[in-house]
Amino acid sequence: MNLLSTQYDKYYKNGDLSIYNKRFGKVKIPTNDVKIIQSSFLKILKNDKNDKIKILDFGCGDGRYFETLQNLAKQTNRQIEVISYDISAVGLQYYIEKLIQNGFTSTQEIKKLKSSDKKSRLVSNLKKDNLIFKILYGYEKDNFNSIEKLIGKNFDLVFCLFGVLSHIQKKQNRIKYIKMFRAILNDNGRLVLTVPGKGILKKELRCYSFLRTQGIPFMDATEKGDLYYKPKSSNTNFICNYHHIYEIKELENDIKNSNFKKEYSGINTILFPTKLKNKFLSKIDEYLARIGTKILPKKIQNKAAYLFIIAKKI
Ligand SMILES: C[S@@+](CC[C@H](N)C(=O)[O-])C[C@H]1O[C@@H](n2cnc3c(N)ncnc32)[C@H](O)[C@@H]1O
């Protein structure tokens with residue numbers, strides 16, 4: 001089986017025409033994602049008077065949140081530094097091209113990133129007005145020390161969005177990542193996670209849970225919620241990757257066990273984001289997700305496509 005980074009490299013290949021962008025929309029992230037990013041950013045802007053706001057976009061891919069972050073930066077004179085980190089060299093290369101096309105410039109030479117290039121870690125440092133993007137390339141086998149050393153610390157916000165955490169195998173490892181996020185956040189900082197819920201990959205979830213009850217877990221999908229996803233379509237036959245499907249209580253417990261305090265949690269999107277490229281549908285989904293989060297029992301919220309949590313350090 002391919003490494004996850006190789007799979008994502010193929011997924012992001014061809015930029016705007018990539019399979020990833022065809023599926024999810026190159027700019028159009030669900031409106032509720034925009035809301036979640038905005039509200040956590042505005043909270044920092046209001047409560048934190050530092051000259052600079054430092055953000056980590058962990059597992060940034062090809063930069064789908066770029067427009068949202070750029071719009072937020074326009075709302076302040078403070079300097080916004082976004083550290084964008086991913087293990088997909090191809091995704092990052094498209095991210096850099098997007099920034100250049102949007103008028104971002106670098107004071108240093110911009111190297112072309114290749115998957116095999118083990119030396120390129122700080123790939124680019126691109127700036128426009130008060131917004132700086134540092135694009136960092138990680139390797140799948142990196143240990144926490146080298147990741148921490150690479151991405152730095154004193155973050156005001158850590159975003160780990162759209163299932164990045166769910167690709168980490170084993171609960172204890174996911175908790176290690178959450179603890180690493182805690183270690184690099186400022187005392188007043190916020191962690192924002194969005195993860196898949198039971199509304200997606202239902203067939204796989206049933207099948208893998210059946211295998212577990214029979215004592216024959218496939219590969220290392222050994223824990224409740226673990227599965228492997230392999231789409232049927234011929235143009236995605238390079239994908240076979242691990243996901244952990246969350247329940248809200250579990251997400252809240254993992255956060256708590258990593259010394260975070262939950263501020264908000266609930267439904268991120270009811271529908272799978274491939275359906276939310278239509279702005280009108282996305283708005284309806286956002287509205288229903290907000291109401292659902294307020295009135296539905298957690299058991300039913302768990303059935304949404306994506307869940308979210310915003311947490312603060314204890
Ligand atoms: C579903 S994509 C989400 C990308 C982006 N956050 C978005 O919403 O478009 C998952 C991303 O997580 C990245 N990823 C997976 N495991 C990672 C890890 N251990 N460290 C950094 N990035 C990782 C993948 O390369 C991929 O770009």
# chains A, B, ... in the order shown; residues from 1 in each chain; ligands from 1
>>> closest_atom_pairs(of="chain A", to="ligand 1", cutoff="9 Å", atoms="only C-alpha atoms and all ligand atoms", output="CSV")
residue,atom,partner,partner_atom_place_in_ligand_line,distance
A:Leu4,CA,ligand 1,15 (C),6.8
A:Ser5,CA,ligand 1,25 (O),5.3
A:Thr6,CA,ligand 1,25 (O),8.5
A:Gln7,CA,ligand 1,25 (O),8.2
A:Tyr8,CA,ligand 1,25 (O),5.4
A:Asp9,CA,ligand 1,25 (O),7.6
A:Tyr11,CA,ligand 1,27 (O),9.0
A:Tyr12,CA,ligand 1,27 (O),8.3
A:Tyr20,CA,ligand 1,9 (O),8.3
A:Asn21,CA,ligand 1,9 (O),8.7
A:Phe24,CA,ligand 1,9 (O),8.2
A:Lys26,CA,ligand 1,9 (O),8.5
A:Ile29,CA,ligand 1,8 (O),7.7
A:Asp57,CA,ligand 1,6 (N),7.4
A:Phe58,CA,ligand 1,21 (C),6.0
A:Gly59,CA,ligand 1,22 (N),3.6
A:Cys60,CA,ligand 1,6 (N),4.3
A:Gly61,CA,ligand 1,27 (O),3.5
A:Asp62,CA,ligand 1,9 (O),6.5
A:Gly63,CA,ligand 1,9 (O),6.3
A:Arg64,CA,ligand 1,9 (O),4.9
A:Tyr65,CA,ligand 1,8 (O),7.1
A:Tyr85,CA,ligand 1,21 (C),6.2
A:Asp86,CA,ligand 1,22 (N),4.0
A:Ile87,CA,ligand 1,22 (N),4.8
A:Ser88,CA,ligand 1,25 (O),4.7
A:Ala89,CA,ligand 1,25 (O),8.4
A:Gly91,CA,ligand 1,27 (O),6.6
A:Leu92,CA,ligand 1,27 (O),8.5
A:Tyr137,CA,ligand 1,21 (C),8.4
A:Gly138,CA,ligand 1,21 (C),6.4
A:Tyr139,CA,ligand 1,20 (N),7.5
A:Glu140,CA,ligand 1,19 (N),5.7
A:Lys141,CA,ligand 1,19 (N),8.1
A:Asp142,CA,ligand 1,19 (N),8.3
A:Ile147,CA,ligand 1,20 (N),8.8
A:Phe159,CA,ligand 1,6 (N),8.3
A:Cys160,CA,ligand 1,6 (N),6.5
A:Leu161,CA,ligand 1,6 (N),4.7
A:Phe162,CA,ligand 1,8 (O),4.6
A:Gly163,CA,ligand 1,1 (C),5.4
A:Val164,CA,ligand 1,12 (O),4.2
A:Leu165,CA,ligand 1,16 (N),7.0
A:Ser166,CA,ligand 1,16 (N),8.2
A:His167,CA,ligand 1,16 (N),5.5
A:Ile168,CA,ligand 1,19 (N),6.3
A:Tyr177,CA,ligand 1,19 (N),8.8
>>> write_last_selection(atoms="C-alpha atoms", output="CSV table (one decimal), in the first residue's frame")
chain,number,residue,atom,x,y,z
A,4,LEU,CA,-0.4,8.4,2.9
A,5,SER,CA,1.8,11.2,1.6
A,6,THR,CA,2.1,9.5,-1.8
A,7,GLN,CA,-1.6,9.0,-1.9
A,8,TYR,CA,-2.2,12.7,-1.2
A,9,ASP,CA,0.4,13.7,-3.7
A,11,TYR,CA,-4.9,13.4,-4.9
A,12,TYR,CA,-3.6,17.0,-5.2
A,20,TYR,CA,-9.3,16.6,-4.5
A,21,ASN,CA,-10.5,19.9,-5.9
A,24,PHE,CA,-14.4,19.2,-2.6
A,26,LYS,CA,-10.9,24.5,-4.7
A,29,ILE,CA,-15.0,25.2,1.9
A,57,ASP,CA,-2.5,25.1,9.8
A,58,PHE,CA,-1.5,21.5,10.5
A,59,GLY,CA,-2.2,19.3,7.5
A,60,CYS,CA,-2.9,22.3,5.3
A,61,GLY,CA,-3.0,20.4,2.1
A,62,ASP,CA,-3.0,22.6,-1.0
A,63,GLY,CA,-4.3,25.6,1.0
A,64,ARG,CA,-8.1,25.5,0.8
A,65,TYR,CA,-8.3,27.9,3.8
A,85,TYR,CA,2.6,22.3,7.4
A,86,ASP,CA,1.8,19.1,5.5
A,87,ILE,CA,3.4,15.8,4.4
A,88,SER,CA,2.3,16.2,0.8
A,89,ALA,CA,5.0,17.9,-1.3
A,91,GLY,CA,-0.2,19.8,-2.1
A,92,LEU,CA,2.3,22.3,-0.7
A,137,TYR,CA,7.2,20.2,4.5
A,138,GLY,CA,7.1,17.3,7.0
A,139,TYR,CA,7.9,13.7,6.5
A,140,GLU,CA,5.5,11.0,7.5
A,141,LYS,CA,8.0,9.3,9.7
A,142,ASP,CA,9.0,12.5,11.6
A,147,ILE,CA,8.0,18.3,14.1
A,159,PHE,CA,-6.1,24.5,13.1
A,160,CYS,CA,-6.2,20.8,12.3
A,161,LEU,CA,-9.1,20.6,9.9
A,162,PHE,CA,-11.0,18.2,7.8
A,163,GLY,CA,-10.0,14.9,9.2
A,164,VAL,CA,-6.2,15.4,9.5
A,165,LEU,CA,-6.2,14.0,13.0
A,166,SER,CA,-8.3,11.0,11.8
A,167,HIS,CA,-5.4,9.8,9.7
A,168,ILE,CA,-3.3,9.2,12.8
A,177,TYR,CA,-0.5,15.0,18.6
>>> residues_around(residues="A:Ile270", least_positions_apart="6", cutoff="7 Å", atoms="only C-alpha atoms", output="list of chain:residue names")
A:Asp285, A:Ala289, A:Ala304, A:Ala305, A:Tyr306
>>> residues_around(residues="A:Lys283", least_positions_apart="2", cutoff="12 Å", atoms="only C-alpha atoms", output="list of chain:residue names")
A:Lys28, A:Ile29, A:Pro30, A:Thr31, A:Asn32, A:Asp33, A:Val34, A:Lys35, A:Thr269, A:Ile270, A:Leu271, A:Lys275, A:Leu276, A:Lys277, A:Asn278, A:Lys279, A:Phe280, A:Leu281, A:Asp285, A:Glu286, A:Tyr287, A:Leu288, A:Ala289, A:Arg290
>>> write_last_selection(atoms="N, CA and C atoms", output="PDB file, in the first residue's frame")
ATOM      1  N   LYS A  28     -14.216  26.572  -2.297  1.00  0.00           N
ATOM      2  CA  LYS A  28     -15.477  26.551  -1.556  1.00  0.00           C
ATOM      3  C   LYS A  28     -15.438  25.576  -0.395  1.00  0.00           C
ATOM      4  N   ILE A  29     -14.902  26.020   0.706  1.00  0.00           N
ATOM      5  CA  ILE A  29     -14.993  25.169   1.898  1.00  0.00           C
ATOM      6  C   ILE A  29     -16.383  25.395   2.499  1.00  0.00           C
ATOM      7  N   PRO A  30     -16.926  24.417   3.203  1.00  0.00           N
ATOM      8  CA  PRO A  30     -18.260  24.599   3.772  1.00  0.00           C
ATOM      9  C   PRO A  30     -18.342  25.884   4.601  1.00  0.00           C
ATOM     10  N   THR A  31     -19.482  26.568   4.509  1.00  0.00           N
ATOM     11  CA  THR A  31     -19.590  27.873   5.181  1.00  0.00           C
ATOM     12  C   THR A  31     -19.416  27.731   6.698  1.00  0.00           C
ATOM     13  N   ASN A  32     -19.751  26.565   7.229  1.00  0.00           N
ATOM     14  CA  ASN A  32     -19.558  26.409   8.677  1.00  0.00           C
ATOM     15  C   ASN A  32     -18.071  26.345   9.054  1.00  0.00           C
ATOM     16  N   ASP A  33     -17.240  25.837   8.146  1.00  0.00           N
ATOM     17  CA  ASP A  33     -15.787  25.846   8.400  1.00  0.00           C
ATOM     18  C   ASP A  33     -15.301  27.295   8.481  1.00  0.00           C
ATOM     19  N   VAL A  34     -15.814  28.119   7.551  1.00  0.00           N
ATOM     20  CA  VAL A  34     -15.432  29.536   7.563  1.00  0.00           C
ATOM     21  C   VAL A  34     -15.834  30.136   8.913  1.00  0.00           C
ATOM     22  N   LYS A  35     -17.043  29.820   9.360  1.00  0.00           N
ATOM     23  CA  LYS A  35     -17.555  30.362  10.632  1.00  0.00           C
ATOM     24  C   LYS A  35     -16.665  29.947  11.808  1.00  0.00           C
ATOM     25  N   THR A 269     -20.455  19.669   9.847  1.00  0.00           N
ATOM     26  CA  THR A 269     -21.373  19.631   8.695  1.00  0.00           C
ATOM     27  C   THR A 269     -22.247  18.389   8.821  1.00  0.00           C
ATOM     28  N   ILE A 270     -23.505  18.553   8.410  1.00  0.00           N
ATOM     29  CA  ILE A 270     -24.400  17.388   8.441  1.00  0.00           C
ATOM     30  C   ILE A 270     -24.108  16.522   7.219  1.00  0.00           C
ATOM     31  N   LEU A 271     -23.980  17.186   6.073  1.00  0.00           N
ATOM     32  CA  LEU A 271     -23.729  16.451   4.833  1.00  0.00           C
ATOM     33  C   LEU A 271     -22.232  16.321   4.581  1.00  0.00           C
ATOM     34  N   LYS A 275     -20.994  17.476  -1.081  1.00  0.00           N
ATOM     35  CA  LYS A 275     -22.346  17.985  -1.387  1.00  0.00           C
ATOM     36  C   LYS A 275     -22.447  19.483  -1.102  1.00  0.00           C
ATOM     37  N   LEU A 276     -21.431  20.052  -0.471  1.00  0.00           N
ATOM     38  CA  LEU A 276     -21.569  21.421   0.020  1.00  0.00           C
ATOM     39  C   LEU A 276     -20.836  22.444  -0.848  1.00  0.00           C
ATOM     40  N   LYS A 277     -20.508  22.047  -2.077  1.00  0.00           N
ATOM     41  CA  LYS A 277     -19.867  22.999  -2.986  1.00  0.00           C
ATOM     42  C   LYS A 277     -20.892  24.060  -3.396  1.00  0.00           C
ATOM     43  N   ASN A 278     -22.170  23.670  -3.336  1.00  0.00           N
ATOM     44  CA  ASN A 278     -23.241  24.613  -3.608  1.00  0.00           C
ATOM     45  C   ASN A 278     -23.442  25.498  -2.370  1.00  0.00           C
ATOM     46  N   LYS A 279     -23.249  26.798  -2.551  1.00  0.00           N
ATOM     47  CA  LYS A 279     -23.258  27.723  -1.418  1.00  0.00           C
ATOM     48  C   LYS A 279     -24.597  27.729  -0.676  1.00  0.00           C
ATOM     49  N   PHE A 280     -25.679  27.613  -1.432  1.00  0.00           N
ATOM     50  CA  PHE A 280     -27.007  27.646  -0.819  1.00  0.00           C
ATOM     51  C   PHE A 280     -27.192  26.437   0.109  1.00  0.00           C
ATOM     52  N   LEU A 281     -26.809  25.274  -0.426  1.00  0.00           N
ATOM     53  CA  LEU A 281     -26.925  24.045   0.370  1.00  0.00           C
ATOM     54  C   LEU A 281     -26.017  24.119   1.604  1.00  0.00           C
ATOM     55  N   ASP A 285     -27.042  23.756   5.432  1.00  0.00           N
ATOM     56  CA  ASP A 285     -26.338  22.782   6.273  1.00  0.00           C
ATOM     57  C   ASP A 285     -25.776  23.487   7.518  1.00  0.00           C
ATOM     58  N   GLU A 286     -25.196  24.655   7.307  1.00  0.00           N
ATOM     59  CA  GLU A 286     -24.610  25.415   8.429  1.00  0.00           C
ATOM     60  C   GLU A 286     -25.687  25.752   9.469  1.00  0.00           C
ATOM     61  N   TYR A 287     -26.839  26.195   8.966  1.00  0.00           N
ATOM     62  CA  TYR A 287     -27.938  26.585   9.852  1.00  0.00           C
ATOM     63  C   TYR A 287     -28.418  25.369  10.668  1.00  0.00           C
ATOM     64  N   LEU A 288     -28.627  24.257   9.942  1.00  0.00           N
ATOM     65  CA  LEU A 288     -29.131  23.056  10.625  1.00  0.00           C
ATOM     66  C   LEU A 288     -28.080  22.496  11.595  1.00  0.00           C
ATOM     67  N   ALA A 289     -26.799  22.612  11.208  1.00  0.00           N
ATOM     68  CA  ALA A 289     -25.725  22.124  12.094  1.00  0.00           C
ATOM     69  C   ALA A 289     -25.730  22.928  13.403  1.00  0.00           C
ATOM     70  N   ARG A 290     -25.955  24.233  13.272  1.00  0.00           N
ATOM     71  CA  ARG A 290     -25.961  25.086  14.468  1.00  0.00           C
ATOM     72  C   ARG A 290     -27.129  24.718  15.385  1.00  0.00           C
TER      73      ARG A 290
END
>>> closest_residue(among="A:Thr213, A:Ser265, A:Asn77, A:Gln108", to="A:Lys294", atoms="only C-alpha atoms")
A:Ser265
>>> select_by_dssp(residues="stretch 120-280 of chain A", states="alpha helix (DSSP H)", output="PyMOL selection string")
chain A and resi 144-151+171-184+202-213+248-256+279-280
>>> write_last_selection(atoms="C-alpha atoms", output="short mmCIF file (atom, residue, chain, number, x, y, z; two decimals), in the first residue's frame")
data_model
loop_
_atom_site.label_atom_id
_atom_site.label_comp_id
_atom_site.auth_asym_id
_atom_site.auth_seq_id
_atom_site.Cartn_x
_atom_site.Cartn_y
_atom_site.Cartn_z
CA PHE A 144 7.48 14.81 17.61
CA ASN A 145 10.80 16.46 18.45
CA SER A 146 11.59 17.18 14.83
CA ILE A 147 8.03 18.30 14.06
CA GLU A 148 8.08 20.69 17.04
CA LYS A 149 11.50 21.99 16.10
CA LEU A 150 10.34 22.60 12.54
CA ILE A 151 7.02 24.33 13.23
CA LYS A 171 -5.80 6.65 19.98
CA GLN A 172 -2.61 7.03 22.01
CA ASN A 173 -0.87 8.59 18.99
CA ARG A 174 -3.72 10.98 18.28
CA ILE A 175 -3.54 12.09 21.91
CA LYS A 176 0.20 12.62 21.51
CA TYR A 177 -0.52 14.98 18.60
CA ILE A 178 -3.12 16.86 20.66
CA LYS A 179 -0.57 17.15 23.48
CA MET A 180 1.99 18.45 21.02
CA PHE A 181 -0.53 21.10 19.90
CA ARG A 182 -0.95 22.03 23.55
CA ALA A 183 2.79 22.35 24.04
CA ILE A 184 3.16 24.81 21.16
CA LYS A 202 -21.15 4.08 6.96
CA LYS A 203 -20.67 0.86 5.02
CA GLU A 204 -16.99 0.68 5.94
CA LEU A 205 -17.77 1.50 9.57
CA ARG A 206 -20.29 -1.37 9.76
CA CYS A 207 -17.99 -3.77 7.98
CA TYR A 208 -14.89 -3.02 10.09
CA SER A 209 -16.85 -3.10 13.30
CA PHE A 210 -18.26 -6.51 12.31
CA LEU A 211 -14.73 -7.79 11.63
CA ARG A 212 -13.63 -6.56 15.05
CA THR A 213 -16.49 -8.33 16.82
CA ILE A 248 -18.39 13.77 20.11
CA LYS A 249 -17.89 12.34 23.59
CA GLU A 250 -14.69 10.64 22.48
CA LEU A 251 -13.38 13.85 20.92
CA GLU A 252 -14.20 15.74 24.13
CA ASN A 253 -12.49 13.08 26.26
CA ASP A 254 -9.33 13.07 24.12
CA ILE A 255 -9.19 16.84 24.47
CA LYS A 256 -9.74 16.65 28.22
CA LYS A 279 -23.26 27.72 -1.42
CA PHE A 280 -27.01 27.65 -0.82
#
>>> select_by_dssp(residues="stretch 90-300 of chain A", states="strand (DSSP E)", output="PyMOL selection string")
chain A and resi 105-106+122-128+131-137+155-160+185-196+226-229+241-244+260-269
>>> atom_distance(atom1="atom CA of A:Phe133", atom2="atom CA of A:Ile83")
6.0 Å
>>> closest_residue(among="A:Phe308, A:Tyr229, A:Tyr95, A:Phe218", to="A:Glu247", atoms="only C-alpha atoms")
A:Phe308
>>> atom_distance(atom1="atom CA of A:Gln93", atom2="atom CA of A:Asn14")
10.7 Å
>>> atom_distance(atom1="atom CA of A:Ile53", atom2="atom CA of A:Lys98")
22.0 Å
>>> closest_residue(among="A:Asp51, A:Asp156, A:Glu97, A:Asp16", to="A:Val82", atoms="only C-alpha atoms")
A:Asp156
